[in-house]
>>> print(open('start.pdb').read())   # PDB, C-alpha atoms
ATOM      1  CA  MET L   1       0.000   0.000   0.000
ATOM      2  CA  GLU L   2       1.227   3.493  -0.845
ATOM      3  CA  GLU L   3       2.159   5.864   1.905
ATOM      4  CA  PHE L   4      -0.205   8.822   2.113
ATOM      5  CA  THR L   5       1.357  12.232   1.577
ATOM      6  CA  ASN L   6      -0.220  15.634   1.595
ATOM      7  CA  GLU L   7       2.402  18.136   0.501
ATOM      8  CA  VAL L   8       1.895  21.880   0.777
ATOM      9  CA  ILE L   9       1.542  23.607  -2.602
ATOM     10  CA  ASP L  10       3.435  26.812  -3.187
ATOM     11  CA  THR L  11       0.686  28.964  -4.661
ATOM     12  CA  LYS L  12       3.256  31.432  -6.003
ATOM     13  CA  GLN L  13       4.447  28.749  -8.430
ATOM     14  CA  LEU L  14       0.999  28.057  -9.908
ATOM     15  CA  PRO L  15       0.218  29.411 -13.392
ATOM     16  CA  ARG L  16      -1.438  32.826 -13.218
ATOM     17  CA  TYR L  17      -4.619  33.255 -15.230
ATOM     18  CA  GLU L  18      -4.247  37.010 -14.767
ATOM     19  CA  GLU L  19      -1.205  36.965 -17.048
ATOM     20  CA  VAL L  20      -3.076  35.388 -19.969
ATOM     21  CA  GLN L  21      -3.725  37.678 -22.924
ATOM     22  CA  LEU L  22      -7.520  37.574 -23.304
ATOM     23  CA  THR L  23      -9.312  38.062 -26.615
ATOM     24  CA  PRO L  24     -11.952  40.815 -26.581
ATOM     25  CA  LEU L  25     -15.356  40.179 -28.112
ATOM     26  CA  HIS L  26     -15.725  40.845 -31.832
ATOM     27  CA  PRO L  27     -16.173  44.577 -32.621
ATOM     28  CA  LYS L  28     -19.435  43.817 -34.470
ATOM     29  CA  TYR L  29     -20.881  42.621 -31.168
ATOM     30  CA  PHE L  30     -20.833  46.244 -29.986
ATOM     31  CA  LYS L  31     -23.561  46.943 -32.563
ATOM     32  CA  VAL L  32     -25.540  43.974 -31.251
ATOM     33  CA  VAL L  33     -25.269  45.350 -27.702
ATOM     34  CA  LEU L  34     -26.426  48.783 -28.848
ATOM     35  CA  ILE L  35     -29.363  47.386 -30.839
ATOM     36  CA  ASN L  36     -30.472  45.190 -27.925
ATOM     37  CA  SER L  37     -30.204  48.167 -25.560
ATOM     38  CA  LEU L  38     -32.220  50.332 -27.920
ATOM     39  CA  ILE L  39     -34.913  47.641 -28.116
ATOM     40  CA  ILE L  40     -35.175  47.620 -24.307
ATOM     41  CA  ILE L  41     -35.248  51.411 -24.205
ATOM     42  CA  SER L  42     -37.935  51.485 -26.926
ATOM     43  CA  ILE L  43     -40.131  49.126 -24.923
ATOM     44  CA  LEU L  44     -39.620  51.312 -21.841
ATOM     45  CA  VAL L  45     -40.559  54.445 -23.789
ATOM     46  CA  VAL L  46     -43.662  52.850 -25.354
ATOM     47  CA  VAL L  47     -44.921  51.608 -21.980
ATOM     48  CA  LEU L  48     -44.253  55.006 -20.428
ATOM     49  CA  PHE L  49     -45.970  56.782 -23.328
ATOM     50  CA  LEU L  50     -49.036  54.558 -23.028
ATOM     51  CA  PHE L  51     -49.133  55.134 -19.285
ATOM     52  CA  ILE L  52     -48.888  58.911 -19.679
ATOM     53  CA  VAL L  53     -51.444  59.148 -22.507
ATOM     54  CA  PHE L  54     -54.100  56.850 -21.015
ATOM     55  CA  ASP L  55     -53.766  57.733 -17.337
ATOM     56  CA  ASP L  56     -54.616  61.440 -17.119
ATOM     57  CA  GLU L  57     -56.524  61.202 -13.856
ATOM     58  CA  VAL L  58     -53.831  59.617 -11.672
ATOM     59  CA  VAL L  59     -50.677  61.323 -12.934
ATOM     60  CA  SER L  60     -50.408  65.119 -12.855
ATOM     61  CA  TYR L  61     -48.456  67.167 -15.376
ATOM     62  CA  GLU L  62     -45.493  67.382 -12.967
ATOM     63  CA  GLY L  63     -45.693  63.635 -12.400
ATOM     64  CA  LYS L  64     -45.538  63.061 -16.147
ATOM     65  CA  ILE L  65     -42.433  65.256 -16.348
ATOM     66  CA  ARG L  66     -40.836  63.238 -13.533
ATOM     67  CA  LEU L  67     -41.727  59.974 -15.274
ATOM     68  CA  GLY L  68     -40.191  61.257 -18.509
ATOM     69  CA  ALA L  69     -37.032  62.352 -16.712
ATOM     70  CA  THR L  70     -36.833  58.979 -14.962
ATOM     71  CA  ALA L  71     -37.229  57.176 -18.283
ATOM     72  CA  LEU L  72     -34.472  59.315 -19.807
ATOM     73  CA  PHE L  73     -32.189  58.597 -16.844
ATOM     74  CA  LEU L  74     -32.883  54.850 -17.059
ATOM     75  CA  SER L  75     -32.225  54.908 -20.807
ATOM     76  CA  ILE L  76     -28.864  56.603 -20.317
ATOM     77  CA  CYS L  77     -27.966  54.101 -17.565
ATOM     78  CA  ILE L  78     -28.914  51.150 -19.785
ATOM     79  CA  LEU L  79     -26.739  52.461 -22.624
ATOM     80  CA  PHE L  80     -23.833  53.336 -20.330
ATOM     81  CA  PHE L  81     -23.748  49.971 -18.560
ATOM     82  CA  SER L  82     -24.229  48.059 -21.826
ATOM     83  CA  ILE L  83     -21.230  49.809 -23.368
ATOM     84  CA  LEU L  84     -19.124  49.361 -20.241
ATOM     85  CA  SER L  85     -20.088  45.686 -20.032
ATOM     86  CA  PHE L  86     -19.038  45.104 -23.637
ATOM     87  CA  LYS L  87     -15.597  46.592 -23.007
ATOM     88  CA  LYS L  88     -14.978  44.381 -19.956
ATOM     89  CA  LYS L  89     -15.766  41.018 -21.599
ATOM     90  CA  ALA L  90     -12.923  38.868 -22.937
ATOM     91  CA  TYR L  91     -12.018  35.191 -23.250
ATOM     92  CA  ALA L  92      -9.145  32.780 -23.875
ATOM     93  CA  PHE L  93      -8.826  29.093 -24.663
ATOM     94  CA  ARG L  94      -5.724  27.386 -23.294
ATOM     95  CA  ASN L  95      -4.491  23.789 -23.477
ATOM     96  CA  HIS L  96      -6.421  22.678 -20.393
ATOM     97  CA  ASP L  97      -9.094  25.294 -19.725
ATOM     98  CA  VAL L  98     -11.206  28.194 -20.930
ATOM     99  CA  ILE L  99     -11.126  31.631 -19.296
ATOM    100  CA  TYR L 100     -13.911  34.225 -19.473
ATOM    101  CA  ARG L 101     -13.846  37.660 -17.872
ATOM    102  CA  SER L 102     -16.889  39.898 -17.415
ATOM    103  CA  GLY L 103     -18.391  42.350 -14.968
ATOM    104  CA  ILE L 104     -19.019  46.034 -14.674
ATOM    105  CA  ILE L 105     -18.481  47.038 -11.066
ATOM    106  CA  SER L 106     -16.618  43.914  -9.988
ATOM    107  CA  THR L 107     -14.696  41.767 -12.433
ATOM    108  CA  ASN L 108     -15.649  38.103 -12.573
ATOM    109  CA  THR L 109     -13.192  35.660 -14.119
ATOM    110  CA  MET L 110     -14.320  32.094 -14.722
ATOM    111  CA  VAL L 111     -11.778  29.376 -15.433
ATOM    112  CA  ILE L 112     -13.341  26.081 -16.481
ATOM    113  CA  PRO L 113     -11.089  23.049 -17.015
ATOM    114  CA  TYR L 114     -11.957  21.013 -20.094
ATOM    115  CA  ASN L 115     -12.332  17.857 -17.997
ATOM    116  CA  ARG L 116     -15.434  19.455 -16.391
ATOM    117  CA  VAL L 117     -17.095  20.273 -19.723
ATOM    118  CA  GLN L 118     -19.941  17.937 -20.641
ATOM    119  CA  HIS L 119     -21.701  19.722 -23.459
ATOM    120  CA  VAL L 120     -21.120  22.635 -25.824
ATOM    121  CA  ALA L 121     -23.765  24.525 -27.792
ATOM    122  CA  LEU L 122     -23.872  27.403 -30.235
ATOM    123  CA  HIS L 123     -26.608  29.989 -30.047
ATOM    124  CA  GLU L 124     -27.366  32.697 -32.569
ATOM    125  CA  GLY L 125     -29.758  35.415 -31.520
ATOM    126  CA  PHE L 126     -31.773  37.252 -34.153
ATOM    127  CA  VAL L 127     -29.635  40.401 -34.038
ATOM    128  CA  SER L 128     -26.354  38.471 -33.682
ATOM    129  CA  ARG L 129     -27.203  36.348 -36.715
ATOM    130  CA  ILE L 130     -27.539  39.491 -38.839
ATOM    131  CA  PHE L 131     -23.913  40.356 -38.008
ATOM    132  CA  GLY L 132     -22.637  36.770 -38.411
ATOM    133  CA  LEU L 133     -21.985  36.276 -34.696
ATOM    134  CA  ALA L 134     -22.760  33.465 -32.272
ATOM    135  CA  LYS L 135     -22.568  32.641 -28.585
ATOM    136  CA  VAL L 136     -20.695  29.575 -27.318
ATOM    137  CA  GLU L 137     -22.447  27.963 -24.349
ATOM    138  CA  ILE L 138     -20.408  25.617 -22.169
ATOM    139  CA  PHE L 139     -22.189  23.203 -19.838
ATOM    140  CA  THR L 140     -20.518  21.451 -16.923
ATOM    141  CA  ALA L 141     -21.754  18.741 -14.600
ATOM    142  CA  GLY L 142     -24.696  19.421 -12.318
ATOM    143  CA  GLY L 143     -26.761  22.121 -13.925
ATOM    144  CA  SER L 144     -29.569  22.592 -16.411
ATOM    145  CA  SER L 145     -28.360  25.946 -17.711
ATOM    146  CA  SER L 146     -25.017  26.744 -19.272
ATOM    147  CA  ASP L 147     -22.242  27.523 -16.847
ATOM    148  CA  LEU L 148     -20.435  29.804 -19.247
ATOM    149  CA  GLU L 149     -21.677  31.838 -22.194
ATOM    150  CA  ILE L 150     -19.215  33.623 -24.447
ATOM    151  CA  PRO L 151     -21.101  35.956 -26.811
ATOM    152  CA  GLY L 152     -19.823  38.006 -29.714
ATOM    153  CA  ILE L 153     -17.736  35.413 -31.546
ATOM    154  CA  GLU L 154     -17.766  35.146 -35.340
ATOM    155  CA  LYS L 155     -19.882  32.150 -36.328
ATOM    156  CA  GLU L 156     -17.045  30.310 -38.079
ATOM    157  CA  GLU L 157     -14.727  30.787 -35.108
ATOM    158  CA  ALA L 158     -17.509  29.723 -32.728
ATOM    159  CA  GLU L 159     -17.968  26.516 -34.714
ATOM    160  CA  ASN L 160     -14.201  25.892 -34.525
ATOM    161  CA  ILE L 161     -14.303  26.464 -30.762
ATOM    162  CA  LYS L 162     -17.199  24.038 -30.456
ATOM    163  CA  GLN L 163     -15.250  21.410 -32.409
ATOM    164  CA  LEU L 164     -12.183  21.998 -30.214
ATOM    165  CA  LEU L 165     -14.221  21.559 -27.040
ATOM    166  CA  MET L 166     -16.063  18.503 -28.384
ATOM    167  CA  GLY L 167     -12.666  16.967 -29.214
ATOM    168  CA  LYS L 168     -11.490  17.617 -25.658
ATOM    169  CA  ILE L 169     -14.662  16.003 -24.315
ATOM    170  CA  GLN L 170     -14.200  12.926 -26.543
ATOM    171  CA  LYS L 171     -10.599  12.471 -25.306
ATOM    172  CA  GLN L 172     -11.932  12.260 -21.749
ATOM    173  CA  LEU L 173     -14.265   9.375 -22.549
TER     174      LEU L 173
END
>>> encode(input="start.pdb", output="structure tokens")
Amino acid sequence: MEEFTNEVIDTKQLPRYEEVQLTPLHPKYFKVVLINSLIIISILVVVLFLFIVFDDEVVSYEGKIRLGATALFLSICILFFSILSFKKKAYAFRNHDVIYRSGIISTNTMVIPYNRVQHVALHEGFVSRIFGLAKVEIFTAGGSSSDLEIPGIEKEEAENIKQLLMGKIQKQL
């Protein structure tokens, strides 16, 4: 029987994911982000307009001005955070894992080893499809939704990534 050992790992010697050069999302995806934000803003404006037009008794003139100003403020916030979010997202595929960084206020970095990947899917939204972009969804054990979604990748590259990941999965079996 082997003798049990439990050596201390020097964490300073581990590879640093922070040093990896991440690939930003495709520049065309910025247009997708803007279009999606404008769709949300349009819905907000239409609902607000309908509320203001058909609800004269409850909302005063000053209240309508405040609602309009609030809608404008929310619209600017949606656009600002959408743009900022786009600039923060990046990804990298290494020999043994995939890295994805996102976040606006706090930066989230996910590192998923390939040996945890169980399924890979491509998703093309309506607006993304117009620009030839796709989203790679990576599923790991123990969940019904994808654990990692990397949007804004050219469709051909996304298909290559899917094939790469499927090859890594097949090697594990």
>>> closest_residue(input="start.pdb", among="L:Tyr29, L:Ile76, L:His96, L:Val45", to="Lys135 (chain L)", atoms="all atoms listed in the file")
L:Tyr29
>>> residues_around(input="start.pdb", residues="region 121-129 of chain L", least_positions_apart="3", cutoff="12 Å", atoms="all atoms listed in the file", output="JSON, numbers by chain")
{"L": [26, 27, 28, 29, 30, 31, 32, 33, 34, 35, 36, 37, 38, 39, 117, 118, 132, 133, 134, 135, 136, 137, 138, 139, 140, 145, 146, 147, 148, 149, 150, 151, 152, 153, 154, 155, 156, 157, 158, 159, 160, 161, 162, 163, 165, 166]}
>>> resolve_selection(input="start.pdb", expression="the PyMOL selection byres ((chain L and resi 112) around 7)", output="PDB file with C-alpha atoms, in the frame of the given file")
ATOM      1  CA  ASP L  97      -9.094  25.294 -19.725  1.00  0.00           C
ATOM      2  CA  VAL L  98     -11.206  28.194 -20.930  1.00  0.00           C
ATOM      3  CA  ILE L  99     -11.126  31.631 -19.296  1.00  0.00           C
ATOM      4  CA  MET L 110     -14.320  32.094 -14.722  1.00  0.00           C
ATOM      5  CA  VAL L 111     -11.778  29.376 -15.433  1.00  0.00           C
ATOM      6  CA  PRO L 113     -11.089  23.049 -17.015  1.00  0.00           C
ATOM      7  CA  TYR L 114     -11.957  21.013 -20.094  1.00  0.00           C
ATOM      8  CA  ARG L 116     -15.434  19.455 -16.391  1.00  0.00           C
TER       9      ARG L 116
END
>>> resolve_selection(input="start.pdb", expression="the PyMOL selection byres ((chain L and resi 104) around 10)", output="PDB file with C-alpha atoms, in the coordinates of the input")
ATOM      1  CA  PHE L  81     -23.748  49.971 -18.560  1.00  0.00           C
ATOM      2  CA  SER L  82     -24.229  48.059 -21.826  1.00  0.00           C
ATOM      3  CA  ILE L  83     -21.230  49.809 -23.368  1.00  0.00           C
ATOM      4  CA  LEU L  84     -19.124  49.361 -20.241  1.00  0.00           C
ATOM      5  CA  SER L  85     -20.088  45.686 -20.032  1.00  0.00           C
ATOM      6  CA  PHE L  86     -19.038  45.104 -23.637  1.00  0.00           C
ATOM      7  CA  LYS L  87     -15.597  46.592 -23.007  1.00  0.00           C
ATOM      8  CA  LYS L  88     -14.978  44.381 -19.956  1.00  0.00           C
ATOM      9  CA  LYS L  89     -15.766  41.018 -21.599  1.00  0.00           C
ATOM     10  CA  SER L 102     -16.889  39.898 -17.415  1.00  0.00           C
ATOM     11  CA  GLY L 103     -18.391  42.350 -14.968  1.00  0.00           C
ATOM     12  CA  ILE L 105     -18.481  47.038 -11.066  1.00  0.00           C
ATOM     13  CA  SER L 106     -16.618  43.914  -9.988  1.00  0.00           C
ATOM     14  CA  THR L 107     -14.696  41.767 -12.433  1.00  0.00           C
ATOM     15  CA  ASN L 108     -15.649  38.103 -12.573  1.00  0.00           C
TER      16      ASN L 108
END
>>> closest_residue(input="start.pdb", among="L:Ala90, L:Val120, L:Val8, L:Ile40", to="Leu74 (chain L)", atoms="all atoms listed in the file")
L:Ile40
>>> atom_distance(input="start.pdb", atom1="CA of Val20 (chain L)", atom2="CA of Gly167 (chain L)")
22.7 Å
>>> resolve_selection(input="start.pdb", expression="the PyMOL selection byres ((chain L and resi 23) around 8)", output="NGL selection string")
:L and (21-22 or 24-25 or 90-92)
>>> write_last_selection(input="start.pdb", atoms="C-alpha atoms", output="PDB file, keeping the file's coordinate frame")
ATOM      1  CA  GLN L  21      -3.725  37.678 -22.924  1.00  0.00           C
ATOM      2  CA  LEU L  22      -7.520  37.574 -23.304  1.00  0.00           C
ATOM      3  CA  PRO L  24     -11.952  40.815 -26.581  1.00  0.00           C
ATOM      4  CA  LEU L  25     -15.356  40.179 -28.112  1.00  0.00           C
ATOM      5  CA  ALA L  90     -12.923  38.868 -22.937  1.00  0.00           C
ATOM      6  CA  TYR L  91     -12.018  35.191 -23.250  1.00  0.00           C
ATOM      7  CA  ALA L  92      -9.145  32.780 -23.875  1.00  0.00           C
TER       8      ALA L  92
END
>>> atom_distance(input="start.pdb", atom1="CA of Phe131 (chain L)", atom2="CA of Leu44 (chain L)")
25.1 Å
>>> closest_residue(input="start.pdb", among="L:Ala141, L:Ile41, L:Leu14, L:Ile130", to="Leu79 (chain L)", atoms="all atoms listed in the file")
L:Ile41
>>> residues_around(input="start.pdb", residues="Leu67 (chain L)", least_positions_apart="4", cutoff="9 Å", atoms="all atoms listed in the file", output="PDB file with C-alpha atoms, in the coordinates of the input")
ATOM      1  CA  LEU L  48     -44.253  55.006 -20.428  1.00  0.00           C
ATOM      2  CA  ILE L  52     -48.888  58.911 -19.679  1.00  0.00           C
ATOM      3  CA  GLU L  62     -45.493  67.382 -12.967  1.00  0.00           C
ATOM      4  CA  GLY L  63     -45.693  63.635 -12.400  1.00  0.00           C
ATOM      5  CA  ALA L  71     -37.229  57.176 -18.283  1.00  0.00           C
ATOM      6  CA  LEU L  72     -34.472  59.315 -19.807  1.00  0.00           C
TER       7      LEU L  72
END
>>> atom_distance(input="start.pdb", atom1="CA of Thr11 (chain L)", atom2="CA of Asn95 (chain L)")
20.2 Å
>>> closest_residue(input="start.pdb", among="L:Ile43, L:Asp10, L:Pro15, L:Phe51", to="Arg94 (chain L)", atoms="only C-alpha atoms")
L:Pro15
>>> axis_aligned_box(input="start.pdb", around="region 124-133 of chain L", padding_each_side="5 Å", output="AutoDock Vina command-line options")
--center_x -26.9 --center_y 36.5 --center_z -35.2 --size_x 19.8 --size_y 17.7 --size_z 17.3
>>> decode(input="start.pdb", residues="region 38-90 of chain L", atoms="C-alpha atoms", output="JSON list (two decimals), in the first residue's frame")
[["chain", "number", "residue", "atom", "x", "y", "z"],
["L", 38, "LEU", "CA", -32.22, 50.33, -27.92],
["L", 39, "ILE", "CA", -34.91, 47.64, -28.12],
["L", 40, "ILE", "CA", -35.18, 47.62, -24.31],
["L", 41, "ILE", "CA", -35.25, 51.41, -24.20],
["L", 42, "SER", "CA", -37.93, 51.48, -26.93],
["L", 43, "ILE", "CA", -40.13, 49.13, -24.92],
["L", 44, "LEU", "CA", -39.62, 51.31, -21.84],
["L", 45, "VAL", "CA", -40.56, 54.44, -23.79],
["L", 46, "VAL", "CA", -43.66, 52.85, -25.35],
["L", 47, "VAL", "CA", -44.92, 51.61, -21.98],
["L", 48, "LEU", "CA", -44.25, 55.01, -20.43],
["L", 49, "PHE", "CA", -45.97, 56.78, -23.33],
["L", 50, "LEU", "CA", -49.04, 54.56, -23.03],
["L", 51, "PHE", "CA", -49.13, 55.13, -19.28],
["L", 52, "ILE", "CA", -48.89, 58.91, -19.68],
["L", 53, "VAL", "CA", -51.44, 59.15, -22.51],
["L", 54, "PHE", "CA", -54.10, 56.85, -21.02],
["L", 55, "ASP", "CA", -53.77, 57.73, -17.34],
["L", 56, "ASP", "CA", -54.62, 61.44, -17.12],
["L", 57, "GLU", "CA", -56.52, 61.20, -13.86],
["L", 58, "VAL", "CA", -53.83, 59.62, -11.67],
["L", 59, "VAL", "CA", -50.68, 61.32, -12.93],
["L", 60, "SER", "CA", -50.41, 65.12, -12.85],
["L", 61, "TYR", "CA", -48.46, 67.17, -15.38],
["L", 62, "GLU", "CA", -45.49, 67.38, -12.97],
["L", 63, "GLY", "CA", -45.69, 63.64, -12.40],
["L", 64, "LYS", "CA", -45.54, 63.06, -16.15],
["L", 65, "ILE", "CA", -42.43, 65.26, -16.35],
["L", 66, "ARG", "CA", -40.84, 63.24, -13.53],
["L", 67, "LEU", "CA", -41.73, 59.97, -15.27],
["L", 68, "GLY", "CA", -40.19, 61.26, -18.51],
["L", 69, "ALA", "CA", -37.03, 62.35, -16.71],
["L", 70, "THR", "CA", -36.83, 58.98, -14.96],
["L", 71, "ALA", "CA", -37.23, 57.18, -18.28],
["L", 72, "LEU", "CA", -34.47, 59.31, -19.81],
["L", 73, "PHE", "CA", -32.19, 58.60, -16.84],
["L", 74, "LEU", "CA", -32.88, 54.85, -17.06],
["L", 75, "SER", "CA", -32.23, 54.91, -20.81],
["L", 76, "ILE", "CA", -28.86, 56.60, -20.32],
["L", 77, "CYS", "CA", -27.97, 54.10, -17.57],
["L", 78, "ILE", "CA", -28.91, 51.15, -19.79],
["L", 79, "LEU", "CA", -26.74, 52.46, -22.62],
["L", 80, "PHE", "CA", -23.83, 53.34, -20.33],
["L", 81, "PHE", "CA", -23.75, 49.97, -18.56],
["L", 82, "SER", "CA", -24.23, 48.06, -21.83],
["L", 83, "ILE", "CA", -21.23, 49.81, -23.37],
["L", 84, "LEU", "CA", -19.12, 49.36, -20.24],
["L", 85, "SER", "CA", -20.09, 45.69, -20.03],
["L", 86, "PHE", "CA", -19.04, 45.10, -23.64],
["L", 87, "LYS", "CA", -15.60, 46.59, -23.01],
["L", 88, "LYS", "CA", -14.98, 44.38, -19.96],
["L", 89, "LYS", "CA", -15.77, 41.02, -21.60],
["L", 90, "ALA", "CA", -12.92, 38.87, -22.94]]
